[in-house]
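Shown below: my_file.cif, with mmCIF, N, CA and C atoms.
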```
data_target
loop_
_atom_site.group_PDB
_atom_site.id
_atom_site.type_symbol
_atom_site.label_atom_id
_atom_site.label_comp_id
_atom_site.auth_asym_id
_atom_site.auth_seq_id
_atom_site.Cartn_x
_atom_site.Cartn_y
_atom_site.Cartn_z
ATOM 1 N N MET A 26 100.490 73.240 -40.944
ATOM 2 C CA MET A 26 99.992 73.474 -42.279
ATOM 3 C C MET A 26 98.730 72.651 -42.502
ATOM 4 N N VAL A 27 97.697 73.279 -43.019
ATOM 5 C CA VAL A 27 96.435 72.604 -43.286
ATOM 6 C C VAL A 27 96.324 72.351 -44.779
ATOM 7 N N ALA A 28 95.930 71.139 -45.130
ATOM 8 C CA ALA A 28 95.792 70.784 -46.546
ATOM 9 C C ALA A 28 94.393 70.266 -46.800
ATOM 10 N N ILE A 29 93.706 70.850 -47.774
ATOM 11 C CA ILE A 29 92.426 70.315 -48.228
ATOM 12 C C ILE A 29 92.745 69.259 -49.266
ATOM 13 N N VAL A 30 92.167 68.107 -49.095
ATOM 14 C CA VAL A 30 92.498 67.008 -49.995
ATOM 15 C C VAL A 30 91.280 66.578 -50.786
ATOM 16 N N LYS A 31 91.542 66.154 -51.995
ATOM 17 C CA LYS A 31 90.482 65.612 -52.842
ATOM 18 C C LYS A 31 90.431 64.091 -52.708
ATOM 19 N N ASP A 32 91.597 63.469 -52.589
ATOM 20 C CA ASP A 32 91.678 62.021 -52.463
ATOM 21 C C ASP A 32 91.903 61.673 -51.008
ATOM 22 N N VAL A 33 90.879 61.166 -50.359
ATOM 23 C CA VAL A 33 90.919 60.870 -48.942
ATOM 24 C C VAL A 33 90.892 59.363 -48.758
ATOM 25 N N THR A 34 91.422 58.908 -47.648
ATOM 26 C CA THR A 34 91.507 57.481 -47.416
ATOM 27 C C THR A 34 90.381 56.944 -46.545
ATOM 28 N N PHE A 35 89.201 57.565 -46.564
ATOM 29 C CA PHE A 35 88.052 56.966 -45.890
ATOM 30 C C PHE A 35 87.779 55.632 -46.564
ATOM 31 N N PRO A 36 87.356 54.635 -45.817
ATOM 32 C CA PRO A 36 86.958 53.390 -46.475
ATOM 33 C C PRO A 36 85.790 53.659 -47.429
ATOM 34 N N ASN A 37 85.888 53.154 -48.618
ATOM 35 C CA ASN A 37 84.823 53.270 -49.627
ATOM 36 C C ASN A 37 84.458 54.707 -49.956
ATOM 37 N N LEU A 38 85.426 55.622 -49.908
ATOM 38 C CA LEU A 38 85.133 57.018 -50.180
ATOM 39 C C LEU A 38 84.686 57.204 -51.619
ATOM 40 N N ILE A 39 83.623 57.959 -51.788
ATOM 41 C CA ILE A 39 83.142 58.328 -53.108
ATOM 42 C C ILE A 39 83.551 59.776 -53.305
ATOM 43 N N ARG A 40 84.301 60.048 -54.340
ATOM 44 C CA ARG A 40 84.831 61.390 -54.564
ATOM 45 C C ARG A 40 83.812 62.258 -55.308
ATOM 46 N N PRO A 41 83.885 63.579 -55.089
ATOM 47 C CA PRO A 41 82.979 64.474 -55.798
ATOM 48 C C PRO A 41 83.044 64.241 -57.305
ATOM 49 N N GLY A 42 81.887 64.186 -57.934
ATOM 50 C CA GLY A 42 81.818 63.993 -59.373
ATOM 51 C C GLY A 42 81.747 62.535 -59.794
ATOM 52 N N GLU A 43 82.007 61.612 -58.879
ATOM 53 C CA GLU A 43 81.913 60.189 -59.211
ATOM 54 C C GLU A 43 80.521 59.683 -58.893
ATOM 55 N N ASP A 44 80.061 58.715 -59.670
ATOM 56 C CA ASP A 44 78.787 58.071 -59.381
ATOM 57 C C ASP A 44 78.979 57.062 -58.263
ATOM 58 N N MET A 45 77.928 56.879 -57.464
ATOM 59 C CA MET A 45 77.988 55.845 -56.448
ATOM 60 C C MET A 45 77.960 54.484 -57.129
ATOM 61 N N PRO A 46 78.768 53.549 -56.661
ATOM 62 C CA PRO A 46 78.712 52.210 -57.233
ATOM 63 C C PRO A 46 77.310 51.628 -57.105
ATOM 64 N N ALA A 47 76.923 50.802 -58.059
ATOM 65 C CA ALA A 47 75.576 50.235 -58.084
ATOM 66 C C ALA A 47 75.248 49.505 -56.795
ATOM 67 N N ASN A 48 76.219 48.805 -56.220
ATOM 68 C CA ASN A 48 75.936 48.046 -55.003
ATOM 69 C C ASN A 48 75.750 48.947 -53.776
ATOM 70 N N LEU A 49 76.114 50.216 -53.863
ATOM 71 C CA LEU A 49 75.921 51.135 -52.747
ATOM 72 C C LEU A 49 74.640 51.949 -52.875
ATOM 73 N N ASN A 50 74.095 52.050 -54.074
ATOM 74 C CA ASN A 50 72.910 52.884 -54.263
ATOM 75 C C ASN A 50 71.773 52.490 -53.339
ATOM 76 N N SER A 51 71.456 51.210 -53.260
ATOM 77 C CA SER A 51 70.341 50.795 -52.421
ATOM 78 C C SER A 51 70.676 50.997 -50.950
ATOM 79 N N GLU A 52 71.934 50.788 -50.562
ATOM 80 C CA GLU A 52 72.341 50.977 -49.169
ATOM 81 C C GLU A 52 72.142 52.428 -48.761
ATOM 82 N N TYR A 53 72.567 53.360 -49.602
ATOM 83 C CA TYR A 53 72.399 54.773 -49.278
ATOM 84 C C TYR A 53 70.933 55.176 -49.318
ATOM 85 N N ALA A 54 70.197 54.649 -50.263
ATOM 86 C CA ALA A 54 68.783 55.004 -50.378
ATOM 87 C C ALA A 54 68.009 54.524 -49.156
ATOM 88 N N ASN A 55 68.385 53.388 -48.607
ATOM 89 C CA ASN A 55 67.675 52.841 -47.456
ATOM 90 C C ASN A 55 68.037 53.525 -46.147
ATOM 91 N N THR A 56 69.173 54.184 -46.084
ATOM 92 C CA THR A 56 69.618 54.745 -44.817
ATOM 93 C C THR A 56 69.734 56.267 -44.828
ATOM 94 N N PHE A 57 69.456 56.913 -45.923
ATOM 95 C CA PHE A 57 69.607 58.359 -46.046
ATOM 96 C C PHE A 57 68.465 59.085 -45.343
ATOM 97 N N SER A 58 68.803 60.045 -44.496
ATOM 98 C CA SER A 58 67.807 60.869 -43.814
ATOM 99 C C SER A 58 68.214 62.335 -43.958
ATOM 100 N N ILE A 59 67.316 63.133 -44.508
ATOM 101 C CA ILE A 59 67.620 64.547 -44.686
ATOM 102 C C ILE A 59 67.807 65.226 -43.335
ATOM 103 N N ASN A 60 67.114 64.743 -42.309
ATOM 104 C CA ASN A 60 67.270 65.327 -40.980
ATOM 105 C C ASN A 60 68.673 65.078 -40.426
ATOM 106 N N VAL A 61 69.233 63.908 -40.686
ATOM 107 C CA VAL A 61 70.594 63.617 -40.242
ATOM 108 C C VAL A 61 71.590 64.488 -41.006
ATOM 109 N N VAL A 62 71.377 64.641 -42.309
ATOM 110 C CA VAL A 62 72.251 65.498 -43.120
ATOM 111 C C VAL A 62 72.218 66.923 -42.585
ATOM 112 N N LYS A 63 71.026 67.430 -42.324
ATOM 113 C CA LYS A 63 70.898 68.782 -41.795
ATOM 114 C C LYS A 63 71.598 68.905 -40.440
ATOM 115 N N ARG A 64 71.482 67.888 -39.599
ATOM 116 C CA ARG A 64 72.107 67.899 -38.289
ATOM 117 C C ARG A 64 73.637 67.915 -38.410
ATOM 118 N N ILE A 65 74.183 67.081 -39.292
ATOM 119 C CA ILE A 65 75.638 67.038 -39.484
ATOM 120 C C ILE A 65 76.158 68.381 -39.994
ATOM 121 N N ILE A 66 75.500 68.934 -41.008
ATOM 122 C CA ILE A 66 75.932 70.216 -41.570
ATOM 123 C C ILE A 66 75.817 71.328 -40.529
ATOM 124 N N ARG A 67 74.732 71.329 -39.751
ATOM 125 C CA ARG A 67 74.552 72.347 -38.716
ATOM 126 C C ARG A 67 75.662 72.259 -37.668
ATOM 127 N N ILE A 68 75.991 71.041 -37.237
ATOM 128 C CA ILE A 68 77.053 70.850 -36.244
ATOM 129 C C ILE A 68 78.389 71.349 -36.780
ATOM 130 N N LEU A 69 78.689 71.014 -38.033
ATOM 131 C CA LEU A 69 79.943 71.481 -38.627
ATOM 132 C C LEU A 69 79.958 72.995 -38.775
ATOM 133 N N TYR A 70 78.826 73.568 -39.155
ATOM 134 C CA TYR A 70 78.736 75.015 -39.322
ATOM 135 C C TYR A 70 78.951 75.729 -37.981
ATOM 136 N N GLU A 71 78.344 75.203 -36.913
ATOM 137 C CA GLU A 71 78.431 75.841 -35.599
ATOM 138 C C GLU A 71 79.779 75.630 -34.924
ATOM 139 N N ASN A 72 80.444 74.521 -35.209
ATOM 140 C CA ASN A 72 81.674 74.169 -34.493
ATOM 141 C C ASN A 72 82.934 74.290 -35.328
ATOM 142 N N GLY A 73 82.806 74.587 -36.613
ATOM 143 C CA GLY A 73 83.988 74.636 -37.467
ATOM 144 C C GLY A 73 84.462 73.238 -37.786
ATOM 145 N N ARG A 74 85.761 73.049 -37.813
ATOM 146 C CA ARG A 74 86.262 71.735 -38.172
ATOM 147 C C ARG A 74 86.223 70.796 -36.977
ATOM 148 N N LEU A 75 85.876 69.542 -37.270
ATOM 149 C CA LEU A 75 85.779 68.523 -36.231
ATOM 150 C C LEU A 75 86.426 67.234 -36.708
ATOM 151 N N LYS A 76 86.918 66.453 -35.756
ATOM 152 C CA LYS A 76 87.361 65.108 -36.075
ATOM 153 C C LYS A 76 86.126 64.253 -36.331
ATOM 154 N N ARG A 77 86.299 63.204 -37.128
ATOM 155 C CA ARG A 77 85.169 62.341 -37.473
ATOM 156 C C ARG A 77 84.524 61.712 -36.245
ATOM 157 N N THR A 78 85.333 61.265 -35.294
ATOM 158 C CA THR A 78 84.794 60.627 -34.095
ATOM 159 C C THR A 78 83.975 61.617 -33.273
ATOM 160 N N ASN A 79 84.476 62.829 -33.111
ATOM 161 C CA ASN A 79 83.736 63.854 -32.374
ATOM 162 C C ASN A 79 82.432 64.196 -33.069
ATOM 163 N N LEU A 80 82.471 64.289 -34.393
ATOM 164 C CA LEU A 80 81.257 64.580 -35.151
ATOM 165 C C LEU A 80 80.233 63.461 -34.982
ATOM 166 N N ALA A 81 80.680 62.227 -35.007
ATOM 167 C CA ALA A 81 79.768 61.096 -34.816
ATOM 168 C C ALA A 81 79.073 61.201 -33.463
ATOM 169 N N GLY A 82 79.834 61.482 -32.417
ATOM 170 C CA GLY A 82 79.248 61.605 -31.094
ATOM 171 C C GLY A 82 78.279 62.768 -30.983
ATOM 172 N N MET A 83 78.655 63.906 -31.541
ATOM 173 C CA MET A 83 77.803 65.092 -31.457
ATOM 174 C C MET A 83 76.522 64.935 -32.272
ATOM 175 N N SER A 84 76.584 64.135 -33.338
ATOM 176 C CA SER A 84 75.408 63.959 -34.193
ATOM 177 C C SER A 84 74.531 62.797 -33.747
ATOM 178 N N GLY A 85 74.999 62.027 -32.763
ATOM 179 C CA GLY A 85 74.204 60.919 -32.261
ATOM 180 C C GLY A 85 74.259 59.684 -33.145
ATOM 181 N N LEU A 86 75.265 59.602 -34.005
ATOM 182 C CA LEU A 86 75.413 58.457 -34.904
ATOM 183 C C LEU A 86 76.556 57.581 -34.439
ATOM 184 N N ASN A 87 76.466 56.280 -34.718
ATOM 185 C CA ASN A 87 77.651 55.468 -34.473
ATOM 186 C C ASN A 87 78.670 55.816 -35.557
ATOM 187 N N TYR A 88 79.926 55.473 -35.306
ATOM 188 C CA TYR A 88 81.014 55.900 -36.187
ATOM 189 C C TYR A 88 80.816 55.427 -37.626
ATOM 190 N N ASN A 89 80.456 54.163 -37.821
ATOM 191 C CA ASN A 89 80.307 53.633 -39.182
ATOM 192 C C ASN A 89 79.183 54.320 -39.947
ATOM 193 N N LYS A 90 78.080 54.590 -39.286
ATOM 194 C CA LYS A 90 76.969 55.301 -39.933
ATOM 195 C C LYS A 90 77.395 56.724 -40.280
ATOM 196 N N CYS A 91 78.134 57.363 -39.384
ATOM 197 C CA CYS A 91 78.621 58.717 -39.645
ATOM 198 C C CYS A 91 79.529 58.731 -40.870
ATOM 199 N N ILE A 92 80.416 57.752 -40.993
ATOM 200 C CA ILE A 92 81.310 57.673 -42.146
ATOM 201 C C ILE A 92 80.510 57.525 -43.439
ATOM 202 N N ARG A 93 79.434 56.753 -43.423
ATOM 203 C CA ARG A 93 78.580 56.631 -44.621
ATOM 204 C C ARG A 93 78.018 57.990 -45.019
ATOM 205 N N TYR A 94 77.527 58.734 -44.042
ATOM 206 C CA TYR A 94 77.004 60.067 -44.335
ATOM 207 C C TYR A 94 78.109 61.000 -44.821
ATOM 208 N N LEU A 95 79.283 60.929 -44.220
ATOM 209 C CA LEU A 95 80.390 61.780 -44.653
ATOM 210 C C LEU A 95 80.804 61.451 -46.077
ATOM 211 N N ASN A 96 80.810 60.171 -46.429
ATOM 212 C CA ASN A 96 81.110 59.785 -47.811
ATOM 213 C C ASN A 96 80.097 60.398 -48.772
ATOM 214 N N LEU A 97 78.832 60.325 -48.415
ATOM 215 C CA LEU A 97 77.782 60.894 -49.256
ATOM 216 C C LEU A 97 77.939 62.412 -49.367
ATOM 217 N N LEU A 98 78.130 63.078 -48.248
ATOM 218 C CA LEU A 98 78.267 64.542 -48.252
ATOM 219 C C LEU A 98 79.522 64.987 -48.989
ATOM 220 N N HIS A 99 80.587 64.217 -48.888
ATOM 221 C CA HIS A 99 81.812 64.533 -49.618
ATOM 222 C C HIS A 99 81.593 64.361 -51.115
ATOM 223 N N ALA A 100 80.883 63.306 -51.496
ATOM 224 C CA ALA A 100 80.588 63.073 -52.917
ATOM 225 C C ALA A 100 79.737 64.205 -53.489
ATOM 226 N N LEU A 101 78.856 64.755 -52.670
ATOM 227 C CA LEU A 101 78.017 65.872 -53.104
ATOM 228 C C LEU A 101 78.767 67.210 -53.080
ATOM 229 N N GLY A 102 79.948 67.219 -52.476
ATOM 230 C CA GLY A 102 80.725 68.458 -52.376
ATOM 231 C C GLY A 102 80.262 69.360 -51.255
ATOM 232 N N TRP A 103 79.545 68.809 -50.259
ATOM 233 C CA TRP A 103 79.016 69.607 -49.163
ATOM 234 C C TRP A 103 79.961 69.694 -47.985
ATOM 235 N N ILE A 104 80.991 68.835 -47.951
ATOM 236 C CA ILE A 104 81.999 68.895 -46.893
ATOM 237 C C ILE A 104 83.391 68.802 -47.507
ATOM 238 N N ASN A 105 84.373 69.291 -46.770
ATOM 239 C CA ASN A 105 85.784 69.138 -47.107
ATOM 240 C C ASN A 105 86.438 68.253 -46.060
ATOM 241 N N VAL A 106 87.488 67.583 -46.462
ATOM 242 C CA VAL A 106 88.296 66.803 -45.543
ATOM 243 C C VAL A 106 89.671 67.463 -45.487
ATOM 244 N N LEU A 107 90.126 67.762 -44.276
ATOM 245 C CA LEU A 107 91.398 68.442 -44.074
ATOM 246 C C LEU A 107 92.325 67.561 -43.250
ATOM 247 N N PHE A 108 93.598 67.628 -43.553
ATOM 248 C CA PHE A 108 94.600 66.972 -42.721
ATOM 249 C C PHE A 108 95.490 68.058 -42.149
ATOM 250 N N ASP A 109 95.592 68.098 -40.838
ATOM 251 C CA ASP A 109 96.414 69.072 -40.145
ATOM 252 C C ASP A 109 97.276 68.316 -39.147
ATOM 253 N N GLY A 110 98.562 68.268 -39.407
ATOM 254 C CA GLY A 110 99.464 67.545 -38.530
ATOM 255 C C GLY A 110 99.171 66.056 -38.478
ATOM 256 N N GLY A 111 98.685 65.507 -39.565
ATOM 257 C CA GLY A 111 98.370 64.085 -39.624
ATOM 258 C C GLY A 111 97.021 63.716 -39.036
ATOM 259 N N ILE A 112 96.265 64.713 -38.596
ATOM 260 C CA ILE A 112 94.945 64.463 -38.020
ATOM 261 C C ILE A 112 93.886 64.865 -39.037
ATOM 262 N N CYS A 113 92.872 64.023 -39.197
ATOM 263 C CA CYS A 113 91.817 64.249 -40.177
ATOM 264 C C CYS A 113 90.692 65.062 -39.556
ATOM 265 N N PHE A 114 90.316 66.142 -40.231
ATOM 266 C CA PHE A 114 89.204 66.985 -39.804
ATOM 267 C C PHE A 114 88.200 67.105 -40.950
ATOM 268 N N VAL A 115 86.957 67.391 -40.593
ATOM 269 C CA VAL A 115 85.891 67.598 -41.575
ATOM 270 C C VAL A 115 85.341 69.002 -41.371
ATOM 271 N N THR A 116 85.094 69.716 -42.479
ATOM 272 C CA THR A 116 84.478 71.043 -42.429
ATOM 273 C C THR A 116 83.361 71.103 -43.460
ATOM 274 N N VAL A 117 82.452 72.038 -43.269
ATOM 275 C CA VAL A 117 81.371 72.236 -44.230
ATOM 276 C C VAL A 117 81.858 73.205 -45.313
ATOM 277 N N THR A 118 81.409 72.984 -46.550
ATOM 278 C CA THR A 118 81.762 73.875 -47.657
ATOM 279 C C THR A 118 80.689 74.951 -47.807
ATOM 280 N N GLU A 119 80.991 75.963 -48.601
ATOM 281 C CA GLU A 119 79.997 76.995 -48.906
ATOM 282 C C GLU A 119 78.769 76.367 -49.577
ATOM 283 N N LYS A 120 79.021 75.414 -50.459
ATOM 284 C CA LYS A 120 77.915 74.730 -51.133
ATOM 285 C C LYS A 120 77.023 74.012 -50.118
ATOM 286 N N GLY A 121 77.634 73.375 -49.130
ATOM 287 C CA GLY A 121 76.872 72.699 -48.080
ATOM 288 C C GLY A 121 76.020 73.661 -47.285
ATOM 289 N N ILE A 122 76.581 74.816 -46.972
ATOM 290 C CA ILE A 122 75.834 75.834 -46.229
ATOM 291 C C ILE A 122 74.661 76.339 -47.055
ATOM 292 N N GLU A 123 74.886 76.587 -48.343
ATOM 293 C CA GLU A 123 73.813 77.067 -49.220
ATOM 294 C C GLU A 123 72.666 76.065 -49.299
ATOM 295 N N VAL A 124 72.994 74.795 -49.446
ATOM 296 C CA VAL A 124 71.955 73.765 -49.553
ATOM 297 C C VAL A 124 71.148 73.681 -48.268
ATOM 298 N N ILE A 125 71.817 73.701 -47.133
ATOM 299 C CA ILE A 125 71.117 73.611 -45.861
ATOM 300 C C ILE A 125 70.251 74.839 -45.627
ATOM 301 N N GLU A 126 70.715 76.016 -46.043
ATOM 302 C CA GLU A 126 69.887 77.224 -45.940
ATOM 303 C C GLU A 126 68.597 77.055 -46.736
ATOM 304 N N GLN A 127 68.695 76.439 -47.910
ATOM 305 C CA GLN A 127 67.513 76.210 -48.743
ATOM 306 C C GLN A 127 66.587 75.159 -48.140
ATOM 307 N N LEU A 128 67.138 74.245 -47.356
ATOM 308 C CA LEU A 128 66.346 73.161 -46.769
ATOM 309 C C LEU A 128 65.733 73.523 -45.409
ATOM 310 N N LYS A 129 66.041 74.686 -44.885
ATOM 311 C CA LYS A 129 65.529 75.058 -43.558
ATOM 312 C C LYS A 129 64.017 74.976 -43.475
ATOM 313 N N ASN A 130 63.348 75.343 -44.529
ATOM 314 C CA ASN A 130 61.881 75.347 -44.504
ATOM 315 C C ASN A 130 61.291 74.005 -44.951
ATOM 316 N N PHE A 131 62.153 73.064 -45.297
ATOM 317 C CA PHE A 131 61.707 71.759 -45.750
ATOM 318 C C PHE A 131 61.620 70.815 -44.568
ATOM 319 N N ASN A 132 60.473 70.185 -44.387
ATOM 320 C CA ASN A 132 60.320 69.226 -43.267
ATOM 321 C C ASN A 132 60.162 67.847 -43.790
#
```

Structure encoded using structure tokens:
Amino acid sequence: MVAIVKDVTFPNLIRPGEDMPANLNSEYANTFSINVVKRIIRILYENGRLKRTNLAGMSGLNYNKCIRYLNLLHALGWINVLFDGGICFVTVTEKGIEVIEQLKNFN
């Protein structure tokens, strides 16, 4: 059975609709790259659901940096987190696909 969850146990997870804490705003602003976001969404779109560790490796990010991006993308509603048999998977949402389609021509 696959369950889409709203409340996930990622460290420091920011949930959709919540504001980023003030102490995280500068951290995200300093490390955010639209090219990395596009790469993560593209990988998820092409491969379907992936474990976080596999996604980190495929995207060329270390695990902690990948988790920061996943927290941001989850807060924006661009990814879903699924638990299947106790294993955590990440998938792209329709909203995430739409945004990336709009960003294709943006460099």

Length of the atom CA of A:Glu119 to atom CA of A:Ser84 vector [Å]: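 Interatomic distance, atom CA of A:Glu119 to atom CA of A:Ser84: 20.2 Å.
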
Best match for closeness to A:Trp103 among A:Lys76, A:Lys90, A:Lys129, A:Lys63, counting only C-alpha atoms: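 Going through A:Lys76, A:Lys90, A:Lys129, A:Lys63 one by one, the smallest distance to A:Trp103 is for A:Lys63.
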
Atomic separation - atom C of A:Gly102 relative to atom C of A:Thr118, Å: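 Rounded to one decimal, the two atoms are 6.6 Å apart.
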
Expected selection from the PyMOL selection byres ((chain A and resi 105) around 8), given as a PyMOL selection string: chain A and resi 29-30+98-99+102-104+106-108+114-119

Among the residues A:Ile122, A:Leu128, A:Gly111, A:Ile65, the one that comes closest to A:Arg93 [using only C-alpha atoms]: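 Residue with the minimum atom-to-atom distance to A:Arg93: A:Ile65.
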
Between atom CA of A:Ile125 and atom CA of A:Thr78 - distance in Å to one decimal: 22.2 Å

Would you write out, as a JSON list (two decimals) with N, CA and C atoms, in the frame of the given file, every residue that the PyMOL selection byres (((chain A and resi 91 and name CA) around 12) and name CA) captures in this file?
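Once written, part_15.json looks like this:
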```json
[["chain", "number", "residue", "atom", "x", "y", "z"],
["A", 35, "PHE", "N", 89.20, 57.56, -46.56],
["A", 35, "PHE", "CA", 88.05, 56.97, -45.89],
["A", 35, "PHE", "C", 87.78, 55.63, -46.56],
["A", 56, "THR", "N", 69.17, 54.18, -46.08],
["A", 56, "THR", "CA", 69.62, 54.74, -44.82],
["A", 56, "THR", "C", 69.73, 56.27, -44.83],
["A", 57, "PHE", "N", 69.46, 56.91, -45.92],
["A", 57, "PHE", "CA", 69.61, 58.36, -46.05],
["A", 57, "PHE", "C", 68.46, 59.08, -45.34],
["A", 58, "SER", "N", 68.80, 60.04, -44.50],
["A", 58, "SER", "CA", 67.81, 60.87, -43.81],
["A", 58, "SER", "C", 68.21, 62.34, -43.96],
["A", 61, "VAL", "N", 69.23, 63.91, -40.69],
["A", 61, "VAL", "CA", 70.59, 63.62, -40.24],
["A", 61, "VAL", "C", 71.59, 64.49, -41.01],
["A", 62, "VAL", "N", 71.38, 64.64, -42.31],
["A", 62, "VAL", "CA", 72.25, 65.50, -43.12],
["A", 62, "VAL", "C", 72.22, 66.92, -42.58],
["A", 64, "ARG", "N", 71.48, 67.89, -39.60],
["A", 64, "ARG", "CA", 72.11, 67.90, -38.29],
["A", 64, "ARG", "C", 73.64, 67.92, -38.41],
["A", 65, "ILE", "N", 74.18, 67.08, -39.29],
["A", 65, "ILE", "CA", 75.64, 67.04, -39.48],
["A", 65, "ILE", "C", 76.16, 68.38, -39.99],
["A", 66, "ILE", "N", 75.50, 68.93, -41.01],
["A", 66, "ILE", "CA", 75.93, 70.22, -41.57],
["A", 66, "ILE", "C", 75.82, 71.33, -40.53],
["A", 76, "LYS", "N", 86.92, 66.45, -35.76],
["A", 76, "LYS", "CA", 87.36, 65.11, -36.08],
["A", 76, "LYS", "C", 86.13, 64.25, -36.33],
["A", 77, "ARG", "N", 86.30, 63.20, -37.13],
["A", 77, "ARG", "CA", 85.17, 62.34, -37.47],
["A", 77, "ARG", "C", 84.52, 61.71, -36.24],
["A", 78, "THR", "N", 85.33, 61.26, -35.29],
["A", 78, "THR", "CA", 84.79, 60.63, -34.10],
["A", 78, "THR", "C", 83.98, 61.62, -33.27],
["A", 79, "ASN", "N", 84.48, 62.83, -33.11],
["A", 79, "ASN", "CA", 83.74, 63.85, -32.37],
["A", 79, "ASN", "C", 82.43, 64.20, -33.07],
["A", 80, "LEU", "N", 82.47, 64.29, -34.39],
["A", 80, "LEU", "CA", 81.26, 64.58, -35.15],
["A", 80, "LEU", "C", 80.23, 63.46, -34.98],
["A", 81, "ALA", "N", 80.68, 62.23, -35.01],
["A", 81, "ALA", "CA", 79.77, 61.10, -34.82],
["A", 81, "ALA", "C", 79.07, 61.20, -33.46],
["A", 82, "GLY", "N", 79.83, 61.48, -32.42],
["A", 82, "GLY", "CA", 79.25, 61.60, -31.09],
["A", 82, "GLY", "C", 78.28, 62.77, -30.98],
["A", 83, "MET", "N", 78.66, 63.91, -31.54],
["A", 83, "MET", "CA", 77.80, 65.09, -31.46],
["A", 83, "MET", "C", 76.52, 64.94, -32.27],
["A", 84, "SER", "N", 76.58, 64.14, -33.34],
["A", 84, "SER", "CA", 75.41, 63.96, -34.19],
["A", 84, "SER", "C", 74.53, 62.80, -33.75],
["A", 85, "GLY", "N", 75.00, 62.03, -32.76],
["A", 85, "GLY", "CA", 74.20, 60.92, -32.26],
["A", 85, "GLY", "C", 74.26, 59.68, -33.15],
["A", 86, "LEU", "N", 75.26, 59.60, -34.01],
["A", 86, "LEU", "CA", 75.41, 58.46, -34.90],
["A", 86, "LEU", "C", 76.56, 57.58, -34.44],
["A", 87, "ASN", "N", 76.47, 56.28, -34.72],
["A", 87, "ASN", "CA", 77.65, 55.47, -34.47],
["A", 87, "ASN", "C", 78.67, 55.82, -35.56],
["A", 88, "TYR", "N", 79.93, 55.47, -35.31],
["A", 88, "TYR", "CA", 81.01, 55.90, -36.19],
["A", 88, "TYR", "C", 80.82, 55.43, -37.63],
["A", 89, "ASN", "N", 80.46, 54.16, -37.82],
["A", 89, "ASN", "CA", 80.31, 53.63, -39.18],
["A", 89, "ASN", "C", 79.18, 54.32, -39.95],
["A", 90, "LYS", "N", 78.08, 54.59, -39.29],
["A", 90, "LYS", "CA", 76.97, 55.30, -39.93],
["A", 90, "LYS", "C", 77.40, 56.72, -40.28],
["A", 92, "ILE", "N", 80.42, 57.75, -40.99],
["A", 92, "ILE", "CA", 81.31, 57.67, -42.15],
["A", 92, "ILE", "C", 80.51, 57.52, -43.44],
["A", 93, "ARG", "N", 79.43, 56.75, -43.42],
["A", 93, "ARG", "CA", 78.58, 56.63, -44.62],
["A", 93, "ARG", "C", 78.02, 57.99, -45.02],
["A", 94, "TYR", "N", 77.53, 58.73, -44.04],
["A", 94, "TYR", "CA", 77.00, 60.07, -44.34],
["A", 94, "TYR", "C", 78.11, 61.00, -44.82],
["A", 95, "LEU", "N", 79.28, 60.93, -44.22],
["A", 95, "LEU", "CA", 80.39, 61.78, -44.65],
["A", 95, "LEU", "C", 80.80, 61.45, -46.08],
["A", 96, "ASN", "N", 80.81, 60.17, -46.43],
["A", 96, "ASN", "CA", 81.11, 59.78, -47.81],
["A", 96, "ASN", "C", 80.10, 60.40, -48.77],
["A", 97, "LEU", "N", 78.83, 60.32, -48.42],
["A", 97, "LEU", "CA", 77.78, 60.89, -49.26],
["A", 97, "LEU", "C", 77.94, 62.41, -49.37],
["A", 98, "LEU", "N", 78.13, 63.08, -48.25],
["A", 98, "LEU", "CA", 78.27, 64.54, -48.25],
["A", 98, "LEU", "C", 79.52, 64.99, -48.99],
["A", 99, "HIS", "N", 80.59, 64.22, -48.89],
["A", 99, "HIS", "CA", 81.81, 64.53, -49.62],
["A", 99, "HIS", "C", 81.59, 64.36, -51.12],
["A", 115, "VAL", "N", 86.96, 67.39, -40.59],
["A", 115, "VAL", "CA", 85.89, 67.60, -41.58],
["A", 115, "VAL", "C", 85.34, 69.00, -41.37]]
```

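Nearest to A:Lys120 of all the residues A:Ile59, A:Leu101, A:Leu69, A:Arg74 is A:Leu101, counting only N, CA and C atoms.
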